[in-house]
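Student: The following file, target-v4.cif, comprises mmCIF, C-alpha atoms:
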data_model
#
loop_
_atom_site.label_atom_id
_atom_site.label_comp_id
_atom_site.auth_asym_id
_atom_site.auth_seq_id
_atom_site.Cartn_x
_atom_site.Cartn_y
_atom_site.Cartn_z
CA MET D 165 24.44 17.87 65.55
CA GLU D 166 28.11 17.55 64.63
CA HIS D 167 28.93 14.78 62.17
CA ALA D 168 30.91 11.85 63.58
CA LEU D 169 33.81 12.51 61.19
CA LEU D 170 34.10 16.10 62.40
CA LYS D 171 34.15 14.91 66.00
CA LYS D 172 37.00 12.57 65.11
CA LEU D 173 38.87 15.47 63.50
CA ALA D 174 38.34 17.52 66.66
CA ASP D 175 39.68 14.84 68.99
CA LYS D 176 42.47 13.92 66.56
CA SER D 177 41.34 10.31 66.13
CA ILE D 178 41.42 10.94 62.39
CA THR D 179 44.04 12.93 60.47
CA LYS D 180 43.36 15.44 57.72
CA ASP D 181 44.88 13.06 55.18
CA GLU D 182 42.68 10.19 56.35
CA LEU D 183 39.64 12.43 56.14
CA LYS D 184 40.59 13.51 52.63
CA GLU D 185 40.84 9.87 51.53
CA LYS D 186 37.39 9.15 52.95
CA VAL D 187 35.93 12.02 50.94
CA LYS D 188 37.75 10.90 47.77
CA ASN D 189 36.17 7.49 48.23
CA ASP D 190 32.72 8.97 48.81
CA PHE D 191 32.14 12.54 47.62
CA ARG D 192 28.72 12.52 49.28
CA LEU D 193 30.74 13.52 52.36
CA LEU D 194 31.77 16.80 50.72
CA PRO D 195 28.87 18.87 52.18
CA THR D 196 29.89 17.67 55.65
CA ILE D 197 33.44 18.94 55.14
CA ILE D 198 32.11 22.25 53.82
CA ASP D 199 29.91 22.55 56.91
CA GLY D 200 33.00 21.87 59.03
CA VAL D 201 34.59 25.09 57.81
CA SER D 202 31.99 26.96 59.87
CA SER D 203 32.80 24.99 63.05
CA PRO D 204 33.59 27.00 66.20
CA LYS D 205 36.41 24.51 66.82
CA ALA D 206 39.66 25.62 65.20
CA ALA D 207 40.90 22.06 64.63
CA VAL D 208 37.74 21.24 62.68
CA ARG D 209 37.56 24.58 60.87
CA TYR D 210 41.12 24.54 59.60
CA GLY D 211 41.28 20.79 59.15
CA CYS D 212 38.29 20.89 56.82
CA GLY D 213 39.76 23.90 55.05
CA ARG D 214 42.97 21.99 54.37
CA VAL D 215 41.06 18.98 53.07
CA LEU D 216 39.05 21.16 50.70
CA LEU D 217 42.18 22.90 49.45
CA ASP D 218 43.83 19.56 48.67
CA LEU D 219 40.70 18.27 46.96
CA SER D 220 40.48 21.41 44.81
CA LEU D 221 43.86 20.54 43.31
CA ASP D 222 42.95 17.01 42.28
CA HIS D 223 39.18 17.15 41.93
CA PRO D 224 38.15 20.72 41.06
CA GLU D 225 35.08 19.47 39.19
CA ARG D 226 33.73 18.00 42.45
CA LEU D 227 34.09 21.28 44.33
CA TYR D 228 32.93 23.56 41.51
CA PRO D 229 29.20 23.28 42.38
CA HIS D 230 30.17 24.92 45.69
CA ILE D 231 32.22 27.77 44.20
CA ASP D 232 29.83 30.41 45.56
CA PHE D 233 30.62 29.17 49.06
CA PHE D 234 34.34 29.57 48.49
CA VAL D 235 33.85 33.03 47.01
CA SER D 236 31.94 34.03 50.16
CA LEU D 237 34.80 32.58 52.23
CA LEU D 238 37.10 35.24 50.77
CA ASP D 239 35.50 37.60 53.28
CA SER D 240 36.01 35.28 56.26
CA LYS D 241 37.10 36.90 59.52
CA TYR D 242 39.62 34.07 59.81
CA ARG D 243 42.70 34.85 57.74
CA ILE D 244 43.64 31.19 57.31
CA LEU D 245 40.25 30.48 55.75
CA LYS D 246 40.66 33.53 53.52
CA TRP D 247 43.97 32.07 52.30
CA VAL D 248 42.31 28.70 51.72
CA ALA D 249 39.55 30.39 49.72
CA LEU D 250 42.03 32.33 47.57
CA ALA D 251 43.74 29.07 46.60
CA VAL D 252 40.56 27.04 46.10
CA VAL D 253 38.90 29.70 43.93
CA ALA D 254 42.06 29.82 41.79
CA ASN D 255 42.06 26.04 41.42
CA LEU D 256 38.40 26.02 40.45
CA ALA D 257 39.12 28.48 37.64
CA ARG D 258 40.25 25.43 35.63
CA VAL D 259 36.67 24.13 35.49
CA ASP D 260 34.84 27.46 35.63
CA SER D 261 32.29 26.86 32.89
CA GLU D 262 29.98 29.58 34.20
CA GLY D 263 32.50 32.43 34.37
CA LYS D 264 32.18 32.73 38.13
CA PHE D 265 35.80 33.76 38.58
CA ASP D 266 35.52 36.45 35.92
CA ALA D 267 32.64 37.95 37.88
CA VAL D 268 34.71 38.24 41.08
CA PHE D 269 38.02 39.22 39.45
CA GLY D 270 37.94 42.69 40.98
CA ASN D 271 37.19 41.35 44.44
CA TYR D 272 39.91 38.70 44.17
CA TYR D 273 42.64 41.08 43.05
CA GLY D 274 41.41 43.69 45.50
CA PHE D 275 43.23 41.61 48.12
CA LEU D 276 46.50 42.93 46.69
CA GLY D 277 45.70 45.92 48.87
CA ASP D 278 45.40 43.81 52.02
CA GLU D 279 47.52 44.73 55.03
CA TYR D 280 48.82 41.19 55.54
CA MET D 281 51.70 39.91 53.46
CA VAL D 282 50.43 36.31 53.36
CA THR D 283 47.09 37.42 51.91
CA VAL D 284 48.79 39.40 49.15
CA ALA D 285 51.26 36.58 48.54
CA ASN D 286 48.38 34.13 48.09
CA VAL D 287 46.84 36.29 45.38
CA VAL D 288 50.15 36.62 43.56
CA GLY D 289 51.12 32.99 44.06
CA ASN D 290 47.84 31.72 42.62
CA SER D 291 47.90 34.03 39.60
CA GLY D 292 49.79 31.63 37.36
CA THR D 293 47.15 28.97 37.92
CA ILE D 294 44.40 31.42 37.04
CA ALA D 295 46.20 32.74 33.96
CA LEU D 296 46.70 29.24 32.56
CA ALA D 297 43.07 28.39 33.20
CA LYS D 298 41.76 31.64 31.72
CA PRO D 299 44.10 33.00 29.04
CA HIS D 300 41.63 35.77 28.19
CA LEU D 301 42.33 37.26 31.63
CA VAL D 302 46.11 37.39 31.11
CA PRO D 303 46.17 41.13 30.23
CA ARG D 304 44.23 42.00 33.41
CA ILE D 305 46.29 39.66 35.59
CA THR D 306 49.49 41.12 34.16
CA ARG D 307 48.39 44.65 35.01
CA GLU D 308 47.55 43.61 38.56
CA LEU D 309 50.84 41.82 39.18
CA LEU D 310 52.86 44.75 37.88
CA LYS D 311 51.41 46.78 40.75
CA VAL D 312 53.24 44.81 43.46
CA GLU D 313 56.25 47.13 43.33
CA LYS D 314 54.03 49.88 44.68
CA LEU D 315 52.23 47.97 47.44
CA ARG D 316 51.64 50.10 50.50
CA THR D 317 53.69 49.00 53.48
CA THR D 318 52.00 48.13 56.77
CA ALA D 319 53.02 46.62 60.09
CA HIS D 320 52.40 43.24 58.46
CA LEU D 321 53.79 44.07 55.01
CA THR D 322 57.26 45.59 55.17
CA ASP D 323 59.62 46.66 52.41
CA GLU D 324 61.27 43.25 52.71
CA CYS D 325 57.85 41.62 52.31
CA ARG D 326 57.39 43.53 49.07
CA LEU D 327 60.59 41.95 47.74
CA VAL D 328 59.28 38.49 48.65
CA ILE D 329 56.03 39.25 46.81
CA ALA D 330 57.92 40.58 43.79
CA GLU D 331 59.78 37.26 43.66
CA GLN D 332 56.46 35.42 43.65
CA ALA D 333 55.22 37.67 40.86
CA ILE D 334 58.22 36.70 38.73
CA LYS D 335 57.50 33.01 39.33
CA ALA D 336 53.86 33.58 38.38
CA PHE D 337 54.84 35.45 35.20
CA ASP D 338 57.16 32.59 34.32
CA MET D 339 54.15 30.25 34.17
CA PHE D 340 52.37 32.26 31.48
CA PHE D 341 54.89 34.68 29.96
CA ASP D 342 54.37 33.14 26.52
CA LYS D 343 50.75 34.35 26.72
CA VAL D 344 51.60 37.89 27.88
CA GLY D 345 50.91 40.62 25.35
CA ASP D 346 52.84 43.43 27.02
CA LYS D 347 56.10 41.53 27.38
CA LYS D 348 58.10 44.76 27.43
CA ALA D 349 56.45 45.91 30.68
CA VAL D 350 56.96 42.54 32.35
CA LEU D 351 60.61 42.36 31.28
CA ALA D 352 61.22 45.87 32.59
CA PHE D 353 59.67 44.81 35.92
CA VAL D 354 61.85 41.71 36.14
CA LYS D 355 65.01 43.63 35.23
CA ARG D 356 64.32 46.08 38.05
CA GLN D 357 64.05 43.19 40.50
CA ALA D 358 67.43 41.84 39.37
CA GLY D 359 68.97 44.92 40.95
CA LYS D 360 67.30 44.50 44.34
CA PRO D 361 69.30 43.42 47.42
CA ARG D 362 67.32 40.24 48.22
CA LYS D 363 69.43 37.34 46.94
CA SER D 364 66.59 34.93 46.07
CA LEU D 365 64.75 37.71 44.22
CA LYS D 366 67.85 38.58 42.22
CA THR D 367 68.35 34.88 41.41
CA ALA D 368 64.72 34.45 40.31
CA ALA D 369 64.90 37.55 38.12
CA GLU D 370 68.15 36.48 36.47
CA ALA D 371 66.82 32.96 35.84
CA PHE D 372 63.67 34.41 34.26
CA LEU D 373 65.66 36.68 31.96
CA LYS D 374 67.96 33.84 30.96
CA LYS D 375 65.07 31.47 30.28
CA TRP D 376 63.28 33.95 28.07
CA ASN D 377 66.52 34.95 26.33
CA VAL D 378 66.64 38.63 27.21
#
As structure tokens, please, write out the structure in this file.

Tutor:
Amino acid sequence: MEHALLKKLADKSITKDELKEKVKNDFRLLPTIIDGVSSPKAAVRYGCGRVLLDLSLDHPERLYPHIDFFVSLLDSKYRILKWVALAVVANLARVDSEGKFDAVFGNYYGFLGDEYMVTVANVVGNSGTIALAKPHLVPRITRELLKVEKLRTTAHLTDECRLVIAEQAIKAFDMFFDKVGDKKAVLAFVKRQAGKPRKSLKTAAEAFLKKWNV
């Protein structure tokens, strides 16, 4: 039987923010929100997903016991839930005492080969968070991000999309460049982007090079 809070989310008598506050005041409600992700009702499914994503930013230690659930959600048939899972798993890396993220690194970065730009962008966009949480993975993360120049184009990932993703990669590198071993390769990547036609990409590349004095 559906929990009363989920019914309220479905009929919009409670907002996602109100629901999040209720959980923050009583984390015993967390399993209910996790169950809501499997709801056949889109409003409940995505509402609960949003609440969990927000909670993972502020209270990763509360969600960490459920990390296996979020890892399984990476394979959801619903793209929005996949994007939620990519962000939550990255946020939980900060409290990953059991090395769960390390074990699924290949699966996580395998989504760089996804046909949808937003999926790829989520992996790239969350990489800085992961790198700061797990410095020992910086060499592997660096190698993965340097691949974005050669992403295969699809109907949902155009050449222009690749430029957007390259811009995100620069912003991710900026978060942990001081920890990068192969700085030469990253700098070469950024310098190449400075010559691309997309204005915001060129601006991001130039700002990166100026910040790191090269």

Student: Give me, as a list in words, all polymer residues having an atom no more than 9 Å from D:Leu250, counting all atoms listed in the file and skipping those fewer than 5 positions away in the same chain.

Tutor: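 That gives Phe234, Val235, Leu237, Leu238, Leu245, Asn255, Tyr272, Thr283, Asn286, Val287 and Asn290 of chain D.
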
Student: Pick the closest to D:Lys347 from D:Ile329, D:Val302, D:Ala368, D:Ala319: which is it, counting all atoms listed in the file?

Tutor: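 When distances to D:Lys347 are compared using all atoms listed in the file, the smallest one comes from D:Val302.
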
Student: Looking at D:Lys363, D:His320, D:Arg209, D:Arg307, which one is nearest to D:Asp346, with distances taken over all atoms listed in the file?

Tutor: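 Looking only at the distances to D:Asp346, the closest residue turns out to be D:Arg307.
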
Student: Write out as a PDB file with C-alpha atoms, in the frame of the given file the residues lying within 12 Å of D:Glu324, counting only C-alpha atoms and excluding same-chain residues fewer than 4 positions away.

Tutor:
ATOM      1  CA  MET D 281      51.700  39.910  53.460  1.00  0.00           C
ATOM      2  CA  GLU D 313      56.250  47.130  43.330  1.00  0.00           C
ATOM      3  CA  LEU D 315      52.230  47.970  47.440  1.00  0.00           C
ATOM      4  CA  THR D 317      53.690  49.000  53.480  1.00  0.00           C
ATOM      5  CA  THR D 318      52.000  48.130  56.770  1.00  0.00           C
ATOM      6  CA  ALA D 319      53.020  46.620  60.090  1.00  0.00           C
ATOM      7  CA  HIS D 320      52.400  43.240  58.460  1.00  0.00           C
ATOM      8  CA  VAL D 328      59.280  38.490  48.650  1.00  0.00           C
ATOM      9  CA  ILE D 329      56.030  39.250  46.810  1.00  0.00           C
ATOM     10  CA  ALA D 330      57.920  40.580  43.790  1.00  0.00           C
ATOM     11  CA  GLU D 331      59.780  37.260  43.660  1.00  0.00           C
ATOM     12  CA  LYS D 360      67.300  44.500  44.340  1.00  0.00           C
ATOM     13  CA  PRO D 361      69.300  43.420  47.420  1.00  0.00           C
ATOM     14  CA  ARG D 362      67.320  40.240  48.220  1.00  0.00           C
ATOM     15  CA  LYS D 363      69.430  37.340  46.940  1.00  0.00           C
ATOM     16  CA  SER D 364      66.590  34.930  46.070  1.00  0.00           C
ATOM     17  CA  LEU D 365      64.750  37.710  44.220  1.00  0.00           C
TER      18      LEU D 365
END

Student: If you count all atoms listed in the file, which residues fall within 10 Å of D:Ile334, apart from same-chain ones fewer than 3 positions away, as JSON, numbers by chain?

Tutor: {"D": [288, 289, 292, 309, 310, 329, 330, 331, 337, 338, 339, 341, 350, 351, 353, 354, 357, 365, 368, 369, 371, 372]}

Student: Set the distance at 10 Å and use only C-alpha atoms: which residues neighbour stretch 200-208 of chain D once local chain neighbours fewer than 2 positions away are removed? I'd like the list as a PyMOL selection string.

Tutor: chain D and resi 166-167+169-176+180+194-198+210-214+216+237+240+245

Student: Nearest to D:Lys355 among D:Asp278, D:Glu370, D:Asp342, D:Asp190, with distances taken over all atoms listed in the file: which residue is it?

Tutor: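 With all atoms listed in the file as the atom set, the closest residue is D:Glu370.
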
Student: When you get a chance, write out N, CA and C atoms for stretch 233-256 of chain D, as a PDB file, in the frame of the given file.

Tutor:
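Output below, filename rebuild06.pdb:
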ATOM      1  N   PHE D 233      30.223  29.257  47.648  1.00  0.00           N
ATOM      2  CA  PHE D 233      30.620  29.170  49.060  1.00  0.00           C
ATOM      3  C   PHE D 233      32.051  29.648  49.240  1.00  0.00           C
ATOM      4  N   PHE D 234      32.935  29.197  48.358  1.00  0.00           N
ATOM      5  CA  PHE D 234      34.340  29.570  48.490  1.00  0.00           C
ATOM      6  C   PHE D 234      34.561  31.052  48.189  1.00  0.00           C
ATOM      7  N   VAL D 235      33.778  31.583  47.277  1.00  0.00           N
ATOM      8  CA  VAL D 235      33.850  33.030  47.010  1.00  0.00           C
ATOM      9  C   VAL D 235      33.436  33.807  48.259  1.00  0.00           C
ATOM     10  N   SER D 236      32.389  33.352  48.931  1.00  0.00           N
ATOM     11  CA  SER D 236      31.940  34.030  50.160  1.00  0.00           C
ATOM     12  C   SER D 236      32.993  33.899  51.252  1.00  0.00           C
ATOM     13  N   LEU D 237      33.769  32.815  51.216  1.00  0.00           N
ATOM     14  CA  LEU D 237      34.800  32.580  52.230  1.00  0.00           C
ATOM     15  C   LEU D 237      35.967  33.561  52.094  1.00  0.00           C
ATOM     16  N   LEU D 238      36.066  34.225  50.957  1.00  0.00           N
ATOM     17  CA  LEU D 238      37.100  35.240  50.770  1.00  0.00           C
ATOM     18  C   LEU D 238      36.960  36.358  51.803  1.00  0.00           C
ATOM     19  N   ASP D 239      35.749  36.535  52.297  1.00  0.00           N
ATOM     20  CA  ASP D 239      35.500  37.600  53.280  1.00  0.00           C
ATOM     21  C   ASP D 239      35.461  37.069  54.704  1.00  0.00           C
ATOM     22  N   SER D 240      35.995  35.868  54.923  1.00  0.00           N
ATOM     23  CA  SER D 240      36.010  35.280  56.260  1.00  0.00           C
ATOM     24  C   SER D 240      36.803  36.153  57.240  1.00  0.00           C
ATOM     25  N   LYS D 241      36.361  36.166  58.486  1.00  0.00           N
ATOM     26  CA  LYS D 241      37.100  36.900  59.520  1.00  0.00           C
ATOM     27  C   LYS D 241      38.368  36.148  59.925  1.00  0.00           C
ATOM     28  N   TYR D 242      38.437  34.880  59.511  1.00  0.00           N
ATOM     29  CA  TYR D 242      39.620  34.070  59.810  1.00  0.00           C
ATOM     30  C   TYR D 242      40.581  34.118  58.632  1.00  0.00           C
ATOM     31  N   ARG D 243      41.759  34.672  58.855  1.00  0.00           N
ATOM     32  CA  ARG D 243      42.700  34.850  57.740  1.00  0.00           C
ATOM     33  C   ARG D 243      43.082  33.534  57.084  1.00  0.00           C
ATOM     34  N   ILE D 244      43.241  32.480  57.886  1.00  0.00           N
ATOM     35  CA  ILE D 244      43.640  31.190  57.310  1.00  0.00           C
ATOM     36  C   ILE D 244      42.578  30.704  56.329  1.00  0.00           C
ATOM     37  N   LEU D 245      41.318  30.896  56.664  1.00  0.00           N
ATOM     38  CA  LEU D 245      40.250  30.480  55.750  1.00  0.00           C
ATOM     39  C   LEU D 245      40.216  31.363  54.504  1.00  0.00           C
ATOM     40  N   LYS D 246      40.562  32.623  54.675  1.00  0.00           N
ATOM     41  CA  LYS D 246      40.660  33.530  53.520  1.00  0.00           C
ATOM     42  C   LYS D 246      41.741  33.016  52.560  1.00  0.00           C
ATOM     43  N   TRP D 247      42.868  32.583  53.129  1.00  0.00           N
ATOM     44  CA  TRP D 247      43.970  32.070  52.300  1.00  0.00           C
ATOM     45  C   TRP D 247      43.552  30.785  51.600  1.00  0.00           C
ATOM     46  N   VAL D 248      42.833  29.932  52.318  1.00  0.00           N
ATOM     47  CA  VAL D 248      42.310  28.700  51.720  1.00  0.00           C
ATOM     48  C   VAL D 248      41.404  29.044  50.534  1.00  0.00           C
ATOM     49  N   ALA D 249      40.509  30.000  50.757  1.00  0.00           N
ATOM     50  CA  ALA D 249      39.550  30.390  49.720  1.00  0.00           C
ATOM     51  C   ALA D 249      40.251  30.957  48.489  1.00  0.00           C
ATOM     52  N   LEU D 250      41.285  31.759  48.701  1.00  0.00           N
ATOM     53  CA  LEU D 250      42.030  32.330  47.570  1.00  0.00           C
ATOM     54  C   LEU D 250      42.625  31.224  46.704  1.00  0.00           C
ATOM     55  N   ALA D 251      43.147  30.187  47.346  1.00  0.00           N
ATOM     56  CA  ALA D 251      43.740  29.070  46.600  1.00  0.00           C
ATOM     57  C   ALA D 251      42.679  28.213  45.932  1.00  0.00           C
ATOM     58  N   VAL D 252      41.605  27.898  46.664  1.00  0.00           N
ATOM     59  CA  VAL D 252      40.560  27.040  46.100  1.00  0.00           C
ATOM     60  C   VAL D 252      39.896  27.707  44.901  1.00  0.00           C
ATOM     61  N   VAL D 253      39.554  28.980  45.031  1.00  0.00           N
ATOM     62  CA  VAL D 253      38.900  29.700  43.930  1.00  0.00           C
ATOM     63  C   VAL D 253      39.808  29.702  42.690  1.00  0.00           C
ATOM     64  N   ALA D 254      41.109  29.866  42.913  1.00  0.00           N
ATOM     65  CA  ALA D 254      42.060  29.820  41.790  1.00  0.00           C
ATOM     66  C   ALA D 254      42.064  28.441  41.138  1.00  0.00           C
ATOM     67  N   ASN D 255      42.058  27.401  41.960  1.00  0.00           N
ATOM     68  CA  ASN D 255      42.060  26.040  41.420  1.00  0.00           C
ATOM     69  C   ASN D 255      40.776  25.726  40.658  1.00  0.00           C
ATOM     70  N   LEU D 256      39.676  26.284  41.113  1.00  0.00           N
ATOM     71  CA  LEU D 256      38.400  26.020  40.450  1.00  0.00           C
ATOM     72  C   LEU D 256      38.267  26.772  39.130  1.00  0.00           C
TER      73      LEU D 256
END
